[in-house]
Structure formats: structure tokens, C-alpha cells
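Each remark here refers to the structure printed beneath this line.
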Amino acid sequence: MTVASEGMLGDVAVLGLGRTGEAVARHLAGLVLARVRSVTLFGGAASRPGERTRALEAAGVRVVCGTDEVTGSYDLAVASPGIPMDSAFFRSAEAAAAEVIGEPELAWRESPERWLVVTGTNGKTTTTSLATHLLRAAGLAAEAVGNIGVVCTEAAARREAGSWFVAELSSFQLATTSRLHPRAAALLNVTPDHLEWHHTLEAYAAAKERAFANMGPGELAVVSVDDDLCRGVAERCAARGLRVCRLSVEGEPEGPCAAFLRDDVLTVRLDGVERALARTGELLIEGRHNAQNALAAAALALEAGADAAAVAAGLRSFSPLEHRMEPAGEVAGVRYVNDSKATNTDAVEKALAAFEPGSVVVLLGGHDKRTDLSSLARAVRARCRVAVCFGEAGGRIAEALSAEPSGLEVVRAEHLRDAFDAAAGVARPGEVVLLSPACSSFDEFSDMAERGRAFRALVAARAGRGA
């Protein structure tokens with residue numbers, strides 16, 4: 001285990017009784033007497049005593065349920081990522097504690113060596129998983145942590161000496177960092193999302209940019225230059241002396257460091273040395289957005305010391321992730337693709353670009369995030385033959401798609417099952433039925449993974465009927 005002692009942490013408050021808060025509290029309870037005097041977990045207004053709280057109390061954690069107010073006096077507070085920084089809960093922690101940080105910040109302080117950070121609106125999980133895969137293909141120990149589903153603090157407690165952390169960090173997680181200092185970091189894209197938390201696109205983008213805040217001259221920042229906000233980040237990083245690897249699938253950036261496509265070959269240039277790695281057609285993950293993800297992952301892996309030949313082989317062997325442009329089967333000549341992770345409009349637009357125009361029957365809908373639909377509507381009209389709109393947001397999406405005359409057929413359905421039946425009924429051999437909802441899942445499912453599994457089950461049932 002690689003642990004850097006920060007000295008005495010003192011009295012610590014933990015905010016939130018979800019998986020992150022519980023993991024942090026358990027970790028800190030294990031440090032009591034050594035570096036922690038006391039641990040108090042405030043569960044939030046909706047929290048209630050139960051088996052989990054009793055287990056925490058048995059481990060030495062004081063648990064306070066049913067309130068969004070942090071009371072007492074603390075040397076440190078650790079907030080779970082779902083708690084907005086402008087909420088009364090977070091502000092009460094600021095009043096009660098000398099410092100408030102997020103969970104990844106705590107994990108980095110506990111184990112700060114060999115971190116790679118991946119952030120962006122879309123593509124984080126694929127890039128994080130792929131970078132981890134490439135490091136392992138090169139014989140290096142690596143673990144994917146963070147927003148990908150592995151709590152950083154839990155991983156730090158079991159970390160092997162010499163291993164790499166590839167951390168997928170959301171804007172929520174980055175907003176509460178102060179000292180986090182990765183060896184290298186990647187910013188894939190910034191498009192409007194989570195504005196209910198950050199309130200403005202500028203604040204959201206600023207949170208993403210915090211991935212590079214503590215990096216210094218000579219350290220590598222992999223930054224897309226295919227959108228305006230990211231180009232600004234790249235220039236600011238360069239002005240601070242960072243080595244900026246400009247990432248693009250639209251052109252070939254100049255400079256000593258870049259990652260790009262040349263004649264459909266993934267090419268990474270670091271410090272003037274170019275490596276031609278793999279053709280896009282050799283990848284098992286489809287779409288230009290996944291080519292960008294692969295380039296970013298390759299640049300991070302090469303910077304961490306991975307051999308170019310191993311990186312090239314790893315790019316060819318990496319399989320699609322669950323719920324991210326995941327092949328779900330083929331029935332009667334129709335391909336079914338599960339992209340349930342596409343919970344915003346930009347992700348859907350990128351997914352549609354992976355298929356031939358006019359060959360897609362797309363399923364759109366779910367919990368309505370009230371995002372602007374004009375760009376999505378243009379992309380769907382341009383690339384889809386049929387759009388089946390379902391769930392809470394189905395009516396608004398259908399209205400946006402029908403606002404201008406086009407050859408697009410728009411179908412309304414109540415629930416995912418109805419939408420699937422409608423899509424399967426109109427799909428022709430050679431076409432793709434794509435679940436890429438542009439919405440969160442909470443109107444019908446507990447999360448996007450449950451939605452994706454339901455879609456796969458519907459495909460399997462149709463295949464079983466021999467349809």
C-alpha cells in the first residue's frame with residue numbers, strides 16, 4: 001500500500017450516507033487513534049437509521065440522520081459528490097469545519113503517486129477503462145477508480161506499491177479538489193450538462209479545468225481542441241508551461257505533442273516522437289467519438305511509460321463497455337445497440353455519427369432534464385429513419401423532432417418496452433435499433449444500467465421468439 005501521511009487529521013465530518021460517504025467514514029474510522037480523533041457522518045435530511053448506520057456505529061463512527069445541518073466543530077469535512085456546493089448542507093459544513101474537500105481529494109492526499117485523471121462531459125468511462133486496459137497490456141499495474149464506480153478511498157486503502165490510478169472524475173468531484181495533482185490528465189470535451197448543479201456553463205467548465213490546476217511545467221495535459229471551451233483550456237495550460245497534447249479527430253494539430261487521426265490511423269506525438277498505433281477499423285469500439293477516446297487513452301498510457309507496441313495491441317483488443325454503444329444482438333438482420341449511458345444530447349449526436357445516415361431507428365426519452373433539443377433534433381432528422389420517443393420526455397422530444405418537415409418518422413410510446421416493440425416492428429434488415437435516450441432514466445428505472453439491462457433483455461426475448 002502506498003500511503004503518504006498527512007499527519008493528524010483530527011475531528012472529521014463526512015457528508016452523505018451513500019456509498020461514497022460510507023466508504024470514507026469506514027476508512028477514517030480505521031485511522032482513529034493513529035491520525036483521526038473522531039468521525040461523524042451526517043447522512044442528510046432523507047437518511048434514516050438502519051443496518052448500515054448500526055454497522056458504522058459499531059466501527060466507531062458517530063452517525064447523525066435526518067438533517068442537512070452539520071453541527072459541531074471539525075478540522076476537516078469530506079463531502080459526497082452529489083451535494084451541491086451552494087446547498088445549505090455544504091455551507092453548514094463550511095461553517096463548522098476548517099476545510100471542506102471531496103472524496104477524491106482525500107484519496108489523493110492519502111496516496112498521491114501515479115494518478116492519471118480523465119474528465120469531460122462524455123467519454124470519460126470509456127477512456128478511463130481503455131487507459132487502464134492499455135497500461136495493463138503493457139505490464140503495468142493499474143486500477144480504474146472514481147466516477148467509474150470504484151470509490152477512490154477504498155482503492156487507496158488496498159493499493160499495491162507502484163500501481164497506477166486512472167481516475168474518472170466528474171465535475172462534482174473536481175469542484176471540491178484543492179491539492180489534487182495528477183501525473184497527467186485529459187479533458188475530452190465540454191458541452192452543457194449538470195447545469196442544475198453548477199448553474200452556468202462557465203462554472204461547469206471551470207470545474208472540469210480543475211483537473212489541471214496543480215499541474216506544473218513539463219507535465220502533460222491532453223486536451224481536445226475540437227470545441228471552443230476546451231481550446232481555451234489548452235491555451236491556458238500552455239501559458240502555464242504544461243506540455244499540451246492537443247487532441248483532435250477533425251484535424252492534425254501542430255506542435256511537439258498531439259493525438260490525431262492521419263488517414264484513419266490513430267497517431268500520438270509526444271515530444272516530437274510519433275507513434276502510428278492502429279487503424280480506426282481495427283477498433284472494436286465504433287464511432288469517431290470513440291476514436292477520440294482511444295487517442296486520449298493512448299496518450300495517457302504512453303506518458304505513463306507504456307510501450308507503443310503494447311498500446312497498439314491493447315487498442316485492438318479493447319471491447320465495448322456495458323451500456324456504451326454496446327452490441328446487444330442481431331435479430332432478423334436488425335442490429336440492436338445499447339447506448340443507455342447517453343443521458344445528454346451531445347452523447348446521442350456522437351453515437352448517431354457512428355452509423356450510416358438513414359439506417360437508424362433510435363429510441364429517445366426518459367426523465368426530462370429540460371435541455372435544449374434543437375441540435376439533437378437536427379442530428380436525428382439528418383441520420384435516422386425513425387425516432388421512437390418514450391417516457392416523461394417523449395412528448396417534448398417528439399415535438400422538437402416534428403418542428404420542421406423532414407423524412408423522419410416520429411413514433412410516440414409510453415414506456416421503454418412499448419418503444420422497443422414499436423422500433424423492432426418498423427426496423428428493416430440492415431438497420432440499427434439504437435437505444436440512445438438523451439435523458440436520465442429516473443422516470444422508469446433506478447439508473448441507466450437498469451434501463452440498459454432491460455433493453456438487452458427485450459432483445460434476447462425477441463431473439464428467443466425467432467422474430
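In the C-alpha cells, the first chain shown is A, the next is B, and so on; residue numbers restart at 1 for each chain, and ligands run from 1 in the order shown.
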Excluding Thr40 (chain A) and any residue of its chain fewer than 4 positions from it, enumerate the residues within 7 Å of it, using only C-alpha atoms, and give them as a PyMOL selection string. chain A and resi 12-14+61-63
Store the residues of this selection in a file with N, CA and C atoms, as a short mmCIF file (atom, residue, chain, number, x, y, z; two decimals), in the first residue's frame.
```
data_model
loop_
_atom_site.label_atom_id
_atom_site.label_comp_id
_atom_site.auth_asym_id
_atom_site.auth_seq_id
_atom_site.Cartn_x
_atom_site.Cartn_y
_atom_site.Cartn_z
N VAL A 12 -13.19 14.73 12.13
CA VAL A 12 -13.60 14.77 10.73
C VAL A 12 -15.10 14.55 10.62
N ALA A 13 -15.76 15.38 9.80
CA ALA A 13 -17.17 15.19 9.46
C ALA A 13 -17.26 14.66 8.04
N VAL A 14 -18.20 13.73 7.82
CA VAL A 14 -18.44 13.17 6.49
C VAL A 14 -19.88 13.49 6.11
N VAL A 61 -17.99 5.10 14.23
CA VAL A 61 -18.45 6.32 13.58
C VAL A 61 -19.71 6.83 14.27
N ARG A 62 -19.75 8.09 14.62
CA ARG A 62 -20.99 8.70 15.10
C ARG A 62 -21.83 9.07 13.89
N VAL A 63 -23.07 8.61 13.84
CA VAL A 63 -23.94 8.84 12.69
C VAL A 63 -25.11 9.72 13.10
#
```
Proximity check region 31-118 of chain A to region 179-182 of chain A, 12 Å, nearest pairs one decimal Å, only C-alpha atoms, as a Markdown table:
```
| residue | atom | partner | partner_atom | distance |
| --- | --- | --- | --- | --- |
| A:Ile101 | CA | A:Arg179 | CA | 9.7 |
| A:Gly102 | CA | A:Leu180 | CA | 10.4 |
| A:Glu103 | CA | A:Leu180 | CA | 10.9 |
| A:Pro104 | CA | A:Leu180 | CA | 8.1 |
| A:Glu105 | CA | A:Leu180 | CA | 5.8 |
| A:Leu106 | CA | A:Leu180 | CA | 8.8 |
| A:Ala107 | CA | A:Leu180 | CA | 9.2 |
| A:Trp108 | CA | A:Leu180 | CA | 6.2 |
| A:Arg109 | CA | A:Leu180 | CA | 7.5 |
| A:Glu110 | CA | A:Leu180 | CA | 10.8 |
| A:Ser111 | CA | A:Leu180 | CA | 10.6 |
| A:Pro112 | CA | A:His181 | CA | 7.6 |
| A:Glu113 | CA | A:Pro182 | CA | 7.9 |
| A:Arg114 | CA | A:Pro182 | CA | 7.0 |
| A:Trp115 | CA | A:Pro182 | CA | 4.7 |
| A:Leu116 | CA | A:Pro182 | CA | 5.4 |
| A:Val117 | CA | A:Pro182 | CA | 6.3 |
| A:Val118 | CA | A:Pro182 | CA | 9.9 |
```
Could you save the residues just selected, with N, CA and C atoms, as a PDB file, in the first residue's frame?
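Written file, part33.pdb:
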```
ATOM      1  N   ILE A 101     -13.515  19.248   1.684  1.00  0.00           N
ATOM      2  CA  ILE A 101     -12.976  18.683   0.451  1.00  0.00           C
ATOM      3  C   ILE A 101     -13.900  17.559  -0.026  1.00  0.00           C
ATOM      4  N   GLY A 102     -13.664  17.083  -1.243  1.00  0.00           N
ATOM      5  CA  GLY A 102     -14.389  15.943  -1.772  1.00  0.00           C
ATOM      6  C   GLY A 102     -13.619  14.653  -1.551  1.00  0.00           C
ATOM      7  N   GLU A 103     -14.263  13.544  -1.848  1.00  0.00           N
ATOM      8  CA  GLU A 103     -13.657  12.233  -1.589  1.00  0.00           C
ATOM      9  C   GLU A 103     -12.407  11.965  -2.417  1.00  0.00           C
ATOM     10  N   PRO A 104     -12.376  12.263  -3.739  1.00  0.00           N
ATOM     11  CA  PRO A 104     -11.127  12.023  -4.476  1.00  0.00           C
ATOM     12  C   PRO A 104      -9.952  12.831  -3.942  1.00  0.00           C
ATOM     13  N   GLU A 105     -10.223  14.039  -3.480  1.00  0.00           N
ATOM     14  CA  GLU A 105      -9.160  14.848  -2.879  1.00  0.00           C
ATOM     15  C   GLU A 105      -8.583  14.151  -1.660  1.00  0.00           C
ATOM     16  N   LEU A 106      -9.444  13.585  -0.806  1.00  0.00           N
ATOM     17  CA  LEU A 106      -8.966  12.843   0.360  1.00  0.00           C
ATOM     18  C   LEU A 106      -8.119  11.659  -0.077  1.00  0.00           C
ATOM     19  N   ALA A 107      -8.591  10.895  -1.075  1.00  0.00           N
ATOM     20  CA  ALA A 107      -7.854   9.722  -1.545  1.00  0.00           C
ATOM     21  C   ALA A 107      -6.497  10.109  -2.104  1.00  0.00           C
ATOM     22  N   TRP A 108      -6.450  11.221  -2.859  1.00  0.00           N
ATOM     23  CA  TRP A 108      -5.160  11.669  -3.395  1.00  0.00           C
ATOM     24  C   TRP A 108      -4.202  12.040  -2.268  1.00  0.00           C
ATOM     25  N   ARG A 109      -4.698  12.707  -1.247  1.00  0.00           N
ATOM     26  CA  ARG A 109      -3.830  13.071  -0.125  1.00  0.00           C
ATOM     27  C   ARG A 109      -3.303  11.837   0.587  1.00  0.00           C
ATOM     28  N   GLU A 110      -4.115  10.805   0.650  1.00  0.00           N
ATOM     29  CA  GLU A 110      -3.697   9.569   1.302  1.00  0.00           C
ATOM     30  C   GLU A 110      -2.693   8.791   0.454  1.00  0.00           C
ATOM     31  N   SER A 111      -2.817   8.894  -0.875  1.00  0.00           N
ATOM     32  CA  SER A 111      -1.976   8.088  -1.767  1.00  0.00           C
ATOM     33  C   SER A 111      -1.747   8.860  -3.061  1.00  0.00           C
ATOM     34  N   PRO A 112      -0.800   9.803  -3.090  1.00  0.00           N
ATOM     35  CA  PRO A 112      -0.729  10.776  -4.180  1.00  0.00           C
ATOM     36  C   PRO A 112       0.095  10.376  -5.403  1.00  0.00           C
ATOM     37  N   GLU A 113       0.744   9.234  -5.387  1.00  0.00           N
ATOM     38  CA  GLU A 113       1.632   8.889  -6.502  1.00  0.00           C
ATOM     39  C   GLU A 113       0.870   8.272  -7.675  1.00  0.00           C
ATOM     40  N   ARG A 114       1.354   8.537  -8.880  1.00  0.00           N
ATOM     41  CA  ARG A 114       0.925   7.844 -10.111  1.00  0.00           C
ATOM     42  C   ARG A 114      -0.590   7.923 -10.337  1.00  0.00           C
ATOM     43  N   TRP A 115      -1.104   9.131 -10.395  1.00  0.00           N
ATOM     44  CA  TRP A 115      -2.511   9.348 -10.763  1.00  0.00           C
ATOM     45  C   TRP A 115      -2.592   9.873 -12.196  1.00  0.00           C
ATOM     46  N   LEU A 116      -3.514   9.320 -12.962  1.00  0.00           N
ATOM     47  CA  LEU A 116      -3.939   9.871 -14.246  1.00  0.00           C
ATOM     48  C   LEU A 116      -5.406  10.238 -14.099  1.00  0.00           C
ATOM     49  N   VAL A 117      -5.799  11.409 -14.563  1.00  0.00           N
ATOM     50  CA  VAL A 117      -7.184  11.864 -14.413  1.00  0.00           C
ATOM     51  C   VAL A 117      -7.820  12.023 -15.788  1.00  0.00           C
ATOM     52  N   VAL A 118      -9.062  11.567 -15.896  1.00  0.00           N
ATOM     53  CA  VAL A 118      -9.851  11.715 -17.123  1.00  0.00           C
ATOM     54  C   VAL A 118     -11.135  12.447 -16.769  1.00  0.00           C
TER      55      VAL A 118
END
```
How many Å separate CA of Gly394 (chain A) from CA of Val459 (chain A)? 21.3 Å
Can you tell me, as a PyMOL selection string, what residues are no more than 10 Å from Ala379 (chain A) when counting only C-alpha atoms, ignoring any on the same chain fewer than 3 positions away? chain A and resi 345-346+348-350+352-353+357+374-376+382-384+401
So which residues touch region 403-406 of chain A within 12 Å, counting only C-alpha atoms, skipping near sequence neighbours fewer than 4 positions away, as a PyMOL selection string? chain A and resi 358+373-374+377-386+396-399+410
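Taking CA of Gly50 (chain A) and CA of Leu28 (chain A) as endpoints, the distance between them is 20.4 Å.
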One-decimal distance in Å that lies between CA of Glu160 (chain A) and CA of Phe318 (chain A): 24.0 Å
Just list the residues in region 99-273 of chain A DSSP gives strand (DSSP E or B) on the backbone, as a PyMOL selection string. chain A and resi 100-102+115-119+142-146+164-168+184-187+220-224+243-247+258-262+265-270+273
Mind checking DSSP for region 121-202 of chain A and telling me the alpha helix (DSSP H) residues as a PyMOL selection string? chain A and resi 124-137+152-158+171-175+195-198+201-202
List the spatial neighbours of Asp368 (chain A) as a ChimeraX atom specification - criterion: any atom at most 12 Å away, only C-alpha atoms, same-chain residues fewer than 3 positions off excluded. /A:343-345,364-365,371-373,389-397,437-444
How about saving the chosen residues, N, CA and C atoms kept, as an mmCIF file, in the first residue's frame?
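The result, stored in out.cif:
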```cif
data_model
loop_
_atom_site.group_PDB
_atom_site.id
_atom_site.type_symbol
_atom_site.label_atom_id
_atom_site.label_comp_id
_atom_site.auth_asym_id
_atom_site.auth_seq_id
_atom_site.Cartn_x
_atom_site.Cartn_y
_atom_site.Cartn_z
ATOM 1 N N THR A 343 -26.975 9.990 -21.709
ATOM 2 C CA THR A 343 -28.026 10.677 -20.955
ATOM 3 C C THR A 343 -28.087 12.171 -21.262
ATOM 4 N N ASN A 344 -27.341 12.622 -22.271
ATOM 5 C CA ASN A 344 -27.461 14.009 -22.710
ATOM 6 C C ASN A 344 -27.420 14.064 -24.231
ATOM 7 N N THR A 345 -27.803 15.182 -24.782
ATOM 8 C CA THR A 345 -27.995 15.281 -26.229
ATOM 9 C C THR A 345 -26.683 15.148 -26.992
ATOM 10 N N LEU A 364 -35.537 7.430 -28.007
ATOM 11 C CA LEU A 364 -35.200 8.639 -27.260
ATOM 12 C C LEU A 364 -36.219 8.864 -26.152
ATOM 13 N N GLY A 365 -35.745 9.183 -24.955
ATOM 14 C CA GLY A 365 -36.688 9.537 -23.900
ATOM 15 C C GLY A 365 -36.249 9.092 -22.533
ATOM 16 N N THR A 371 -33.255 20.086 -21.209
ATOM 17 C CA THR A 371 -32.182 20.646 -22.011
ATOM 18 C C THR A 371 -32.717 21.087 -23.371
ATOM 19 N N ASP A 372 -31.987 21.975 -24.020
ATOM 20 C CA ASP A 372 -32.362 22.434 -25.354
ATOM 21 C C ASP A 372 -32.231 21.265 -26.334
ATOM 22 N N LEU A 373 -33.220 21.110 -27.210
ATOM 23 C CA LEU A 373 -33.268 19.955 -28.098
ATOM 24 C C LEU A 373 -33.013 20.300 -29.558
ATOM 25 N N CYS A 389 -40.113 7.979 -29.455
ATOM 26 C CA CYS A 389 -39.958 8.850 -28.292
ATOM 27 C C CYS A 389 -40.827 8.325 -27.154
ATOM 28 N N PHE A 390 -40.212 8.123 -25.983
ATOM 29 C CA PHE A 390 -40.932 7.469 -24.886
ATOM 30 C C PHE A 390 -40.658 8.178 -23.563
ATOM 31 N N GLY A 391 -41.419 7.798 -22.562
ATOM 32 C CA GLY A 391 -41.180 8.264 -21.206
ATOM 33 C C GLY A 391 -41.618 9.697 -20.977
ATOM 34 N N GLU A 392 -41.206 10.218 -19.838
ATOM 35 C CA GLU A 392 -41.597 11.559 -19.403
ATOM 36 C C GLU A 392 -41.234 12.625 -20.434
ATOM 37 N N ALA A 393 -40.061 12.482 -21.055
ATOM 38 C CA ALA A 393 -39.592 13.482 -22.016
ATOM 39 C C ALA A 393 -40.057 13.200 -23.444
ATOM 40 N N GLY A 394 -40.767 12.091 -23.646
ATOM 41 C CA GLY A 394 -41.109 11.676 -25.003
ATOM 42 C C GLY A 394 -41.899 12.699 -25.785
ATOM 43 N N GLY A 395 -42.874 13.321 -25.147
ATOM 44 C CA GLY A 395 -43.703 14.286 -25.851
ATOM 45 C C GLY A 395 -42.914 15.495 -26.298
ATOM 46 N N ARG A 396 -42.060 16.022 -25.431
ATOM 47 C CA ARG A 396 -41.273 17.208 -25.782
ATOM 48 C C ARG A 396 -40.268 16.897 -26.883
ATOM 49 N N ILE A 397 -39.661 15.703 -26.825
ATOM 50 C CA ILE A 397 -38.714 15.314 -27.869
ATOM 51 C C ILE A 397 -39.433 15.146 -29.200
ATOM 52 N N PRO A 437 -30.820 7.448 -25.287
ATOM 53 C CA PRO A 437 -32.041 8.167 -24.876
ATOM 54 C C PRO A 437 -31.960 9.687 -24.747
ATOM 55 N N ALA A 438 -30.754 10.247 -24.549
ATOM 56 C CA ALA A 438 -30.587 11.691 -24.341
ATOM 57 C C ALA A 438 -31.189 12.173 -23.026
ATOM 58 N N CYS A 439 -31.576 11.250 -22.180
ATOM 59 C CA CYS A 439 -32.250 11.590 -20.913
ATOM 60 C C CYS A 439 -31.750 10.650 -19.826
ATOM 61 N N SER A 440 -31.869 11.082 -18.583
ATOM 62 C CA SER A 440 -31.651 10.159 -17.478
ATOM 63 C C SER A 440 -32.827 9.197 -17.393
ATOM 64 N N SER A 441 -32.719 8.228 -16.522
ATOM 65 C CA SER A 441 -33.648 7.088 -16.534
ATOM 66 C C SER A 441 -34.671 7.106 -15.410
ATOM 67 N N PHE A 442 -34.658 8.154 -14.574
ATOM 68 C CA PHE A 442 -35.325 8.058 -13.281
ATOM 69 C C PHE A 442 -36.847 8.108 -13.337
ATOM 70 N N ASP A 443 -37.421 8.317 -14.515
ATOM 71 C CA ASP A 443 -38.880 8.251 -14.594
ATOM 72 C C ASP A 443 -39.380 6.816 -14.572
ATOM 73 N N GLU A 444 -38.512 5.860 -14.939
ATOM 74 C CA GLU A 444 -38.943 4.467 -15.051
ATOM 75 C C GLU A 444 -37.980 3.480 -14.395
#
```
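When the distance limit is 9 Å and only C-alpha atoms are what count, the residues near Cys65 (chain A), minus those fewer than 6 positions from it on the same chain, are Leu17, Leu41, Phe42, Gly43, Gly44, Ala45, Ala46, Ser47, Arg48, Pro49 and Thr53 of chain A.
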Save the residues we just selected, N, CA and C atoms, as an mmCIF file, in the first residue's frame?
```cif
data_model
loop_
_atom_site.group_PDB
_atom_site.id
_atom_site.type_symbol
_atom_site.label_atom_id
_atom_site.label_comp_id
_atom_site.auth_asym_id
_atom_site.auth_seq_id
_atom_site.Cartn_x
_atom_site.Cartn_y
_atom_site.Cartn_z
ATOM 1 N N LEU A 17 -24.801 9.704 3.224
ATOM 2 C CA LEU A 17 -24.841 8.307 3.648
ATOM 3 C C LEU A 17 -24.934 7.366 2.444
ATOM 4 N N LEU A 41 -20.578 11.149 10.782
ATOM 5 C CA LEU A 41 -21.216 11.132 9.463
ATOM 6 C C LEU A 41 -22.598 11.761 9.567
ATOM 7 N N PHE A 42 -22.843 12.791 8.764
ATOM 8 C CA PHE A 42 -24.160 13.417 8.666
ATOM 9 C C PHE A 42 -24.828 12.876 7.405
ATOM 10 N N GLY A 43 -25.901 12.135 7.588
ATOM 11 C CA GLY A 43 -26.496 11.405 6.474
ATOM 12 C C GLY A 43 -27.320 12.235 5.521
ATOM 13 N N GLY A 44 -27.788 13.412 5.959
ATOM 14 C CA GLY A 44 -28.673 14.213 5.129
ATOM 15 C C GLY A 44 -30.117 14.098 5.582
ATOM 16 N N ALA A 45 -30.965 14.975 5.070
ATOM 17 C CA ALA A 45 -32.349 15.054 5.544
ATOM 18 C C ALA A 45 -33.129 13.776 5.305
ATOM 19 N N ALA A 46 -32.851 13.072 4.210
ATOM 20 C CA ALA A 46 -33.626 11.878 3.876
ATOM 21 C C ALA A 46 -33.088 10.612 4.537
ATOM 22 N N SER A 47 -31.969 10.698 5.220
ATOM 23 C CA SER A 47 -31.354 9.497 5.794
ATOM 24 C C SER A 47 -32.103 9.037 7.042
ATOM 25 N N ARG A 48 -32.084 7.728 7.259
ATOM 26 C CA ARG A 48 -32.738 7.126 8.415
ATOM 27 C C ARG A 48 -31.834 6.064 9.028
ATOM 28 N N PRO A 49 -31.943 5.843 10.347
ATOM 29 C CA PRO A 49 -31.148 4.773 10.968
ATOM 30 C C PRO A 49 -31.529 3.412 10.382
ATOM 31 N N THR A 53 -26.233 2.136 9.252
ATOM 32 C CA THR A 53 -25.803 3.087 10.277
ATOM 33 C C THR A 53 -25.329 2.354 11.534
#
```
